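This is my_file_14.cif. It holds mmCIF, C-alpha atoms and all ligand atoms.
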data_model
#
loop_
_atom_site.label_atom_id
_atom_site.label_comp_id
_atom_site.auth_asym_id
_atom_site.auth_seq_id
_atom_site.Cartn_x
_atom_site.Cartn_y
_atom_site.Cartn_z
CA ALA A 1 -7.78 4.71 51.09
CA LYS A 2 -6.47 5.53 47.67
CA ASP A 3 -6.98 1.99 46.47
CA ALA A 4 -10.25 1.20 48.12
CA GLY A 5 -12.18 -0.79 45.59
CA GLY A 6 -9.28 -0.75 43.19
CA ASN A 7 -7.84 -3.78 41.45
CA ARG A 8 -10.24 -6.17 43.11
CA TYR A 9 -10.44 -8.23 39.96
CA GLU A 10 -6.74 -8.96 40.23
CA LEU A 11 -7.32 -10.90 43.43
CA ALA A 12 -9.93 -13.19 41.95
CA ASP A 13 -9.17 -16.35 40.04
CA PRO A 14 -9.39 -15.13 36.46
CA ASP A 15 -10.23 -18.54 35.05
CA SER A 16 -13.21 -19.35 37.19
CA GLU A 17 -14.51 -15.82 36.89
CA ALA A 18 -14.08 -15.81 33.15
CA ARG A 19 -16.16 -18.97 33.03
CA ALA A 20 -18.81 -17.38 35.18
CA ILE A 21 -19.27 -14.49 32.83
CA ASP A 22 -20.20 -15.51 29.35
CA ARG A 23 -17.62 -14.24 26.92
CA HIS A 24 -20.27 -13.88 24.27
CA SER A 25 -22.43 -11.58 26.31
CA LEU A 26 -19.40 -9.46 27.16
CA THR A 27 -18.37 -9.34 23.53
CA ASN A 28 -21.85 -8.40 22.36
CA ARG A 29 -22.07 -5.66 24.94
CA LEU A 30 -18.80 -3.96 23.95
CA PRO A 31 -20.15 -1.54 21.31
CA ALA A 32 -22.94 -0.36 23.60
CA ALA A 33 -20.44 0.01 26.42
CA LEU A 34 -18.39 2.39 24.31
CA GLU A 35 -21.51 4.37 23.34
CA ARG A 36 -22.65 4.58 26.94
CA ASP A 37 -19.32 5.65 28.35
CA GLU A 38 -18.85 2.58 30.50
CA PHE A 39 -15.09 2.54 30.01
CA PHE A 40 -12.80 4.63 32.16
CA LEU A 41 -9.09 5.12 32.62
CA GLU A 42 -6.83 4.81 35.60
CA TYR A 43 -3.28 6.13 35.72
CA GLN A 44 -0.17 4.68 37.27
CA PRO A 45 2.94 6.81 37.71
CA LEU A 46 6.27 6.01 36.09
CA ILE A 47 9.02 6.89 38.51
CA ARG A 48 12.51 8.08 37.56
CA MET A 49 14.81 5.85 39.58
CA SER A 50 17.63 8.39 39.89
CA ASP A 51 15.59 10.84 41.95
CA GLY A 52 12.25 9.19 42.65
CA ARG A 53 10.32 11.81 40.75
CA VAL A 54 7.34 11.16 38.51
CA ASP A 55 8.30 10.85 34.86
CA GLY A 56 4.93 10.07 33.32
CA ALA A 57 1.84 7.95 33.70
CA GLU A 58 0.50 4.84 32.04
CA ALA A 59 -3.18 4.97 31.12
CA LEU A 60 -4.96 1.67 31.88
CA VAL A 61 -8.51 1.05 30.72
CA ARG A 62 -11.28 -0.50 32.87
CA TRP A 63 -14.92 -1.31 32.23
CA LYS A 64 -17.69 -0.42 34.63
CA HIS A 65 -20.10 -3.14 33.57
CA PRO A 66 -23.70 -2.44 34.62
CA VAL A 67 -24.17 -6.01 35.89
CA HIS A 68 -20.74 -7.45 36.61
CA GLY A 69 -19.20 -4.29 37.99
CA ARG A 70 -15.62 -3.33 37.44
CA LEU A 71 -13.77 -5.46 34.89
CA GLY A 72 -10.04 -5.33 34.22
CA PRO A 73 -8.62 -5.06 30.72
CA ASP A 74 -7.48 -8.69 30.62
CA ARG A 75 -11.17 -9.58 30.61
CA PHE A 76 -12.27 -7.51 27.63
CA ILE A 77 -9.29 -6.26 25.61
CA PRO A 78 -8.80 -9.68 23.99
CA LEU A 79 -12.50 -9.71 23.06
CA ALA A 80 -12.31 -6.18 21.64
CA GLU A 81 -9.18 -7.14 19.76
CA HIS A 82 -10.98 -10.13 18.32
CA THR A 83 -14.01 -8.20 17.07
CA GLY A 84 -12.12 -5.10 15.99
CA LEU A 85 -13.85 -2.87 18.53
CA ILE A 86 -10.37 -2.25 19.88
CA VAL A 87 -9.90 0.31 17.09
CA PRO A 88 -12.59 2.78 18.26
CA LEU A 89 -11.96 1.86 21.91
CA GLY A 90 -8.23 2.44 21.45
CA ARG A 91 -8.90 5.77 19.85
CA TRP A 92 -11.12 6.71 22.78
CA VAL A 93 -8.34 5.74 25.21
CA LEU A 94 -5.83 7.84 23.28
CA GLU A 95 -8.13 10.88 23.23
CA GLN A 96 -8.90 10.61 26.92
CA ALA A 97 -5.29 10.09 27.92
CA VAL A 98 -4.00 12.97 25.81
CA ALA A 99 -6.73 15.28 27.10
CA GLN A 100 -5.86 14.26 30.63
CA THR A 101 -2.22 15.08 30.05
CA CYS A 102 -3.29 18.59 29.08
CA ALA A 103 -5.38 19.00 32.18
CA TRP A 104 -2.40 18.00 34.33
CA SER A 105 0.22 20.06 32.61
CA ASP A 106 0.20 23.59 33.80
CA GLY A 107 3.70 24.24 32.59
CA ASP A 108 5.76 21.06 32.48
CA PRO A 109 3.72 18.49 30.60
CA LEU A 110 3.53 15.03 32.09
CA ARG A 111 4.20 12.23 29.65
CA VAL A 112 1.41 9.75 29.12
CA ASN A 113 1.84 6.14 28.03
CA VAL A 114 -0.94 4.50 26.03
CA ASN A 115 -1.13 0.79 25.17
CA LEU A 116 -1.64 -0.19 21.54
CA SER A 117 -3.12 -3.51 20.47
CA PRO A 118 -1.80 -5.34 17.39
CA ARG A 119 -5.02 -4.60 15.54
CA GLN A 120 -4.56 -0.85 16.08
CA LEU A 121 -0.99 -1.11 14.98
CA HIS A 122 -2.04 -2.55 11.67
CA HIS A 123 -4.96 -0.19 11.11
CA PRO A 124 -4.42 2.37 8.33
CA ASP A 125 -5.81 5.20 10.47
CA LEU A 126 -3.28 4.86 13.27
CA VAL A 127 -0.94 7.61 12.12
CA PRO A 128 -3.55 10.18 11.00
CA ASP A 129 -5.71 9.48 14.07
CA THR A 130 -2.80 9.89 16.46
CA ILE A 131 -1.67 13.11 14.81
CA ALA A 132 -5.24 14.44 14.86
CA VAL A 133 -5.64 13.68 18.55
CA LEU A 134 -2.34 15.38 19.43
CA GLU A 135 -3.08 18.42 17.28
CA SER A 136 -6.60 19.00 18.48
CA ALA A 137 -5.40 18.80 22.08
CA GLY A 138 -2.34 20.94 21.37
CA VAL A 139 -0.05 18.33 22.91
CA GLU A 140 3.54 17.81 21.79
CA PRO A 141 4.18 14.37 20.28
CA SER A 142 7.00 13.93 22.78
CA SER A 143 4.43 13.94 25.58
CA LEU A 144 3.00 10.70 24.24
CA CYS A 145 4.52 7.24 24.51
CA LEU A 146 2.85 4.37 22.70
CA GLU A 147 3.41 0.95 24.28
CA VAL A 148 3.51 -1.95 21.88
CA THR A 149 4.13 -5.52 22.94
CA GLU A 150 7.16 -7.18 21.57
CA SER A 151 5.02 -10.10 20.39
CA ALA A 152 2.86 -7.76 18.30
CA LEU A 153 5.94 -6.86 16.28
CA ILE A 154 7.31 -10.35 15.78
CA GLY A 155 7.43 -11.15 12.12
CA ALA A 156 6.39 -7.63 11.12
CA ASP A 157 8.00 -6.61 7.87
CA GLU A 158 9.23 -3.17 6.91
CA ASP A 159 5.86 -2.02 5.58
CA GLU A 160 4.11 -3.05 8.74
CA LEU A 161 6.57 -1.12 10.85
CA LYS A 162 6.24 2.04 8.76
CA PRO A 163 3.44 3.62 10.82
CA LEU A 164 5.47 3.25 14.00
CA TRP A 165 8.48 4.79 12.33
CA GLN A 166 6.32 7.68 11.11
CA LEU A 167 5.08 8.31 14.63
CA ALA A 168 8.59 8.04 16.02
CA GLU A 169 9.80 10.53 13.44
CA ILE A 170 7.34 13.18 14.57
CA GLY A 171 8.58 12.64 18.13
CA VAL A 172 6.21 10.10 19.68
CA ASP A 173 8.03 7.73 22.02
CA ILE A 174 7.64 4.03 21.40
CA ALA A 175 8.03 1.52 24.23
CA LEU A 176 8.37 -2.23 23.80
CA ASP A 177 6.02 -3.62 26.42
CA ASP A 178 6.38 -6.94 28.26
CA PHE A 179 9.93 -7.11 26.98
CA GLY A 180 11.67 -10.42 27.53
CA THR A 181 8.56 -12.59 27.51
CA GLY A 182 8.34 -13.28 23.80
CA TYR A 183 10.86 -14.81 21.51
CA SER A 184 13.04 -11.76 21.74
CA ASN A 185 15.24 -11.39 18.78
CA LEU A 186 17.72 -8.93 20.13
CA ALA A 187 19.17 -8.25 16.71
CA ASN A 188 15.72 -7.04 15.67
CA LEU A 189 15.83 -4.24 18.21
CA ARG A 190 17.82 -2.14 15.82
CA LYS A 191 15.07 -2.39 13.22
CA LEU A 192 12.40 -1.10 15.58
CA PRO A 193 11.70 2.56 16.28
CA ALA A 194 11.63 1.89 20.03
CA THR A 195 12.92 4.44 22.51
CA THR A 196 12.21 2.38 25.64
CA LEU A 197 12.17 -1.24 26.73
CA LYS A 198 9.65 -2.14 29.39
CA LEU A 199 11.03 -5.16 31.17
CA ASP A 200 8.29 -7.60 32.01
CA ARG A 201 7.12 -8.05 35.57
CA SER A 202 8.42 -11.61 35.69
CA PHE A 203 12.01 -10.34 35.98
CA THR A 204 11.07 -8.04 38.82
CA GLN A 205 9.48 -11.02 40.56
CA GLY A 206 12.68 -13.05 40.24
CA LEU A 207 14.54 -10.38 42.21
CA GLN A 208 12.18 -10.77 45.13
CA GLN A 209 13.53 -14.19 46.05
CA HIS A 210 16.30 -14.52 48.64
CA PRO A 211 18.83 -14.65 47.20
CA ALA A 212 17.62 -13.05 43.98
CA ASP A 213 17.28 -15.46 41.05
CA PRO A 214 20.77 -15.27 39.48
CA VAL A 215 19.40 -15.83 36.00
CA ASP A 216 17.02 -12.88 36.35
CA LEU A 217 19.81 -10.73 37.74
CA THR A 218 22.08 -11.57 34.84
CA PHE A 219 19.29 -11.09 32.36
CA VAL A 220 18.32 -7.65 33.66
CA GLU A 221 21.95 -6.61 33.77
CA GLY A 222 22.49 -7.75 30.20
CA ILE A 223 19.32 -6.15 28.87
CA VAL A 224 20.12 -2.85 30.56
CA SER A 225 23.60 -2.67 29.08
CA LEU A 226 22.38 -3.70 25.64
CA ALA A 227 19.50 -1.21 25.77
CA HIS A 228 21.76 1.63 26.86
CA ALA A 229 24.30 0.75 24.17
CA LEU A 230 21.48 1.07 21.64
CA GLY A 231 20.31 4.37 23.14
CA LEU A 232 17.17 2.92 24.68
CA ALA A 233 15.83 3.63 28.14
CA VAL A 234 14.75 0.78 30.41
CA THR A 235 11.52 0.82 32.41
CA VAL A 236 10.74 -1.97 34.86
CA GLU A 237 7.23 -3.11 35.63
CA GLY A 238 5.71 -4.68 38.69
CA VAL A 239 7.98 -3.20 41.35
CA GLU A 240 6.24 -4.13 44.58
CA THR A 241 8.95 -3.82 47.23
CA GLU A 242 11.75 -1.52 48.27
CA SER A 243 14.24 -4.34 47.83
CA GLN A 244 13.23 -4.80 44.20
CA ALA A 245 13.41 -1.05 43.62
CA ASP A 246 16.91 -0.86 45.14
CA GLN A 247 18.23 -3.76 43.10
CA LEU A 248 16.74 -2.48 39.86
CA ARG A 249 18.16 0.98 40.45
CA ASP A 250 21.57 -0.56 41.10
CA LEU A 251 21.24 -2.58 37.91
CA GLY A 252 20.84 0.68 35.99
CA CYS A 253 17.13 0.70 35.19
CA ASP A 254 15.94 4.20 34.33
CA THR A 255 12.27 4.19 35.23
CA ALA A 256 10.05 2.03 37.39
CA GLN A 257 6.38 1.32 37.78
CA GLY A 258 4.58 -0.75 40.38
CA TRP A 259 2.59 -0.99 43.55
CA TYR A 260 5.60 -0.05 45.65
CA TYR A 261 5.21 3.47 44.27
CA ALA A 262 1.51 3.56 43.51
CA ARG A 263 -1.38 1.50 42.24
CA PRO A 264 -3.30 2.73 39.22
CA SER A 265 -5.77 5.38 40.34
CA SER A 266 -8.45 7.72 39.04
CA PRO A 267 -7.34 10.95 37.32
CA GLY A 268 -8.37 12.93 40.39
CA GLU A 269 -6.38 10.77 42.80
CA PHE A 270 -3.43 10.75 40.44
CA ALA A 271 -3.44 14.53 40.13
CA LYS A 272 -3.58 14.91 43.90
CA ASP A 273 -0.59 12.61 44.45
CA TRP A 274 1.55 13.02 41.36
CA ALA A 275 0.64 15.78 38.92
CA PRO A 276 3.23 18.57 38.61
CA THR A 277 0.92 21.28 39.86
CA GLY A 278 -1.00 19.00 42.18
P1 LIG B 301 0.48 -3.95 30.83
O1 LIG B 301 0.52 -2.96 29.73
O2 LIG B 301 1.66 -4.81 31.02
O3 LIG B 301 0.15 -3.08 32.13
C1 LIG B 301 0.70 -3.33 33.40
C2 LIG B 301 -0.25 -4.13 34.25
O4 LIG B 301 0.39 -4.46 35.49
C3 LIG B 301 -1.51 -3.37 34.65
O5 LIG B 301 -2.55 -4.34 34.76
C4 LIG B 301 -1.14 -2.83 36.02
O6 LIG B 301 -2.27 -2.52 36.82
C5 LIG B 301 -0.38 -3.99 36.58
N1 LIG B 301 0.56 -3.61 37.63
C6 LIG B 301 1.13 -2.41 37.84
N2 LIG B 301 1.99 -2.44 38.88
C7 LIG B 301 1.96 -3.72 39.36
C8 LIG B 301 2.63 -4.39 40.44
O7 LIG B 301 3.45 -3.83 41.15
N3 LIG B 301 2.34 -5.71 40.61
C9 LIG B 301 1.45 -6.36 39.83
N4 LIG B 301 1.21 -7.65 40.10
N5 LIG B 301 0.79 -5.75 38.80
C10 LIG B 301 1.05 -4.45 38.56
P2 LIG B 301 -3.98 -4.04 34.15
O8 LIG B 301 -4.37 -2.62 34.39
O9 LIG B 301 -4.89 -5.12 34.63
O10 LIG B 301 -3.75 -4.21 32.61
C11 LIG B 301 -3.48 -5.47 32.06
C12 LIG B 301 -3.12 -5.36 30.61
O11 LIG B 301 -4.23 -4.91 29.83
C13 LIG B 301 -2.02 -4.35 30.34
O12 LIG B 301 -0.79 -4.92 30.67
C14 LIG B 301 -2.23 -4.11 28.87
O13 LIG B 301 -1.62 -5.12 28.11
C15 LIG B 301 -3.72 -4.22 28.73
N6 LIG B 301 -4.30 -2.86 28.67
C16 LIG B 301 -4.62 -2.03 29.67
N7 LIG B 301 -5.14 -0.86 29.20
C17 LIG B 301 -5.13 -0.98 27.85
C18 LIG B 301 -5.54 -0.13 26.75
O14 LIG B 301 -5.98 1.02 26.93
N8 LIG B 301 -5.38 -0.61 25.49
C19 LIG B 301 -4.87 -1.86 25.26
N9 LIG B 301 -4.74 -2.26 23.99
N10 LIG B 301 -4.47 -2.68 26.24
C20 LIG B 301 -4.61 -2.25 27.52
CA CA B 302 1.71 -1.36 29.09
CA CA B 303 3.73 -4.52 30.40
CA CA B 304 1.43 -7.45 30.67
#
Could you express the structure from this file as structure tokens?
Amino acid sequence: AKDAGGNRYELADPDSEARAIDRHSLTNRLPAALERDEFFLEYQPLIRMSDGRVDGAEALVRWKHPVHGRLGPDRFIPLAEHTGLIVPLGRWVLEQAVAQTCAWSDGDPLRVNVNLSPRQLHHPDLVPDTIAVLESAGVEPSSLCLEVTESALIGADEDELKPLWQLAEIGVDIALDDFGTGYSNLANLRKLPATTLKLDRSFTQGLQQHPADPVDLTFVEGIVSLAHALGLAVTVEGVETESQADQLRDLGCDTAQGWYYARPSSPGEFAKDWAPTG
């Protein structure tokens, strides 16, 4: 019952649906949507593979559109990124997620992961805004992990990476999201303030075949040993079956996320199932 009504958009054909809803009308509606509180967050647990315990939660934004109903982020984040609305929307997500972490942590704080768009990354207010949000909520920087896609960092020079380094220095975790899908320059990893690699779902999918795709197996194995050698943790996305979970644990992955453990759910549902004090 937990997922009743959840993730419906993921079952639909995104292309035909995207055509059906005019991108322009969605784009134009975005600022009002933020004003009118039409966005909301769901949380999906990150599971420590060694003992199956919850190690944090990823905040995922959704839009309750007054006409079209529930829309997933793939439908509006690119539009918000394009117009720049992602900056105030991203700040709203950060505030909400950090506040939620507080509400959950009655003792041991639960880590929360928040996705950052390239536009936020390059906005001059990122560092002061993030610090302000953490301070006003009284949350330790180490309770926050910012997820940045690898592709957002490609070609970034030292100056452009400075804000991320500043956040890392005060203790914010940085995860490289969708890792392995871009033109990964492994040598570049050392120049990034990342603490975690989030292996893209496509690798997890390769392990579902019988036998598992040998290239995916080798790739995951190689990435895990490289990451660990560099002091980075490895999170795997899109774990849908026990078999995938078992293989990924055996391959040395540290943390996992996926429907096998839980779908994204409302803060209330999440707290009931996963929060430390339940
Ligand atoms: P992502 O950061 O890679 O997030 C993981 C996506 O995989 C989520 O889709 C999640 O619901 C989905 N997922 C989780 N477990 C499974 C599984 O076992 N199988 C499958 N097939 N999918 C799974 P969602 O919520 O639709 O988000 C899509 C993307 O939208 C995210 O991908 C992220 O790039 C972006 N996004 C979501 N929330 C935010 C946000 O607050 N800010 C920004 N900038 N981007 C966001
Ligand atoms: Ca993410
Ligand atoms: Ca991802
Ligand atoms: Ca993704």
Distance filter 8 Å around ligand CA 304 (chain B), atoms: all atoms listed in the file, out as an NGL selection string: :A and (177-178 or 200-201)
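Comparing the minimum interatomic distances between ligand LIG 301 (chain B) and each of A:Glu240, A:Glu35, A:Glu140, A:Asp173, counting all atoms listed in the file, we find that A:Glu240 sits nearest.
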Nearby residues (all atoms listed in the file) at most 12 Å from A:Val67, same-chain spacing under 5 positions excluded, as a list in words: Ile21, Ser25, Leu26, Arg29, Ala33 and Glu38 of chain A
Expected selection as a list in words for ligand CA 303 (chain B) within 9 Å, only C-alpha atoms and all ligand atoms: Asn115, Glu147, Val148, Thr149, Leu176, Asp177, Asp178, Phe179, Lys198, Leu199, Asp200, Arg201, Val236, Glu237 and Gly238 of chain A
Counting only C-alpha atoms and all ligand atoms, the option among A:Gly258, A:Ser225, A:His65, A:Gly171 closest to ligand CA 302 (chain B): A:Gly258
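With all atoms listed in the file as the basis for measurement, A:Tyr43 is the residue among A:Trp63, A:Trp104, A:Tyr261, A:Tyr43 that approaches ligand CA 302 (chain B) most closely.
Considering all atoms listed in the file, the residue among A:Ser151, A:Leu116, A:Glu242, A:Arg91 positioned nearest to ligand CA 302 (chain B) is A:Leu116.
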Option closest in space to A:Gly56, from A:Arg111, A:Arg36, A:Arg70, A:His24 [counting all atoms listed in the file]: A:Arg111
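The list of residues with at least one atom within 7 Å of A:Arg62, based on all atoms listed in the file and without residues fewer than 6 positions apart in the same chain, reads A:Phe39, A:Phe40, A:Leu41, A:Arg70, A:Leu71, A:Gly72, A:Pro73.
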For C-alpha atoms, I'd like the residues from the last selection saved as a CSV table (one decimal), keeping the file's coordinate frame.
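result_28.csv was written with the following content:
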chain,number,residue,atom,x,y,z
A,39,PHE,CA,-15.1,2.5,30.0
A,40,PHE,CA,-12.8,4.6,32.2
A,41,LEU,CA,-9.1,5.1,32.6
A,70,ARG,CA,-15.6,-3.3,37.4
A,71,LEU,CA,-13.8,-5.5,34.9
A,72,GLY,CA,-10.0,-5.3,34.2
A,73,PRO,CA,-8.6,-5.1,30.7
Separation of atom CA of A:Ser117 from atom CA of A:Arg190, in Å and rounded to one decimal: 21.5 Å
Enclosing box along x, y and z for every listed atom of ligand LIG 301 (chain B), padded 3 Å each side, centre and size in Å, one decimal, as JSON:
{"center_x": -1.3, "center_y": -3.3, "center_z": 32.6, "size_x": 15.4, "size_y": 14.7, "size_z": 23.2}
If I only want stretch 157-199 of chain A, can you write it with C-alpha atoms, as a compact mmCIF listing (two decimals), in the first residue's frame?
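Result file is decode-v3.txt:
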# COMPACT_ATOMS: atom_id res chain seq x y z
CA ASP A 157 38.11 24.21 -14.39
CA GLU A 158 39.59 24.82 -10.96
CA ASP A 159 37.58 27.99 -10.34
CA GLU A 160 34.35 26.26 -11.20
CA LEU A 161 35.09 23.46 -8.77
CA LYS A 162 35.96 25.84 -5.93
CA PRO A 163 32.45 26.01 -4.45
CA LEU A 164 32.28 22.22 -4.23
CA TRP A 165 35.66 22.11 -2.56
CA GLN A 166 34.53 24.76 -0.09
CA LEU A 167 31.48 22.73 0.80
CA ALA A 168 33.54 19.57 1.07
CA GLU A 169 35.96 21.36 3.38
CA ILE A 170 33.24 22.25 5.85
CA GLY A 171 32.20 18.59 5.86
CA VAL A 172 29.43 18.28 3.27
CA ASP A 173 29.62 14.99 1.40
CA ILE A 174 29.75 15.14 -2.37
CA ALA A 175 28.50 12.24 -4.49
CA LEU A 176 29.10 11.80 -8.20
CA ASP A 177 25.71 10.80 -9.53
CA ASP A 178 25.02 8.59 -12.56
CA PHE A 179 28.65 7.58 -12.49
CA GLY A 180 29.84 5.64 -15.50
CA THR A 181 27.37 7.07 -17.99
CA GLY A 182 29.35 10.10 -19.11
CA TYR A 183 32.76 10.27 -20.61
CA SER A 184 34.33 9.33 -17.33
CA ASN A 185 37.83 10.53 -17.07
CA LEU A 186 39.01 8.41 -14.21
CA ALA A 187 42.16 10.46 -13.77
CA ASN A 188 39.91 13.45 -13.07
CA LEU A 189 38.47 11.77 -10.01
CA ARG A 190 41.43 12.90 -7.98
CA LYS A 191 40.69 16.52 -8.83
CA LEU A 192 37.12 16.34 -7.58
CA PRO A 193 36.06 16.74 -3.96
CA ALA A 194 33.85 13.65 -4.21
CA THR A 195 33.40 11.31 -1.27
CA THR A 196 31.06 8.86 -3.02
CA LEU A 197 30.49 7.43 -6.47
CA LYS A 198 26.92 6.57 -7.33
CA LEU A 199 27.09 3.88 -9.96
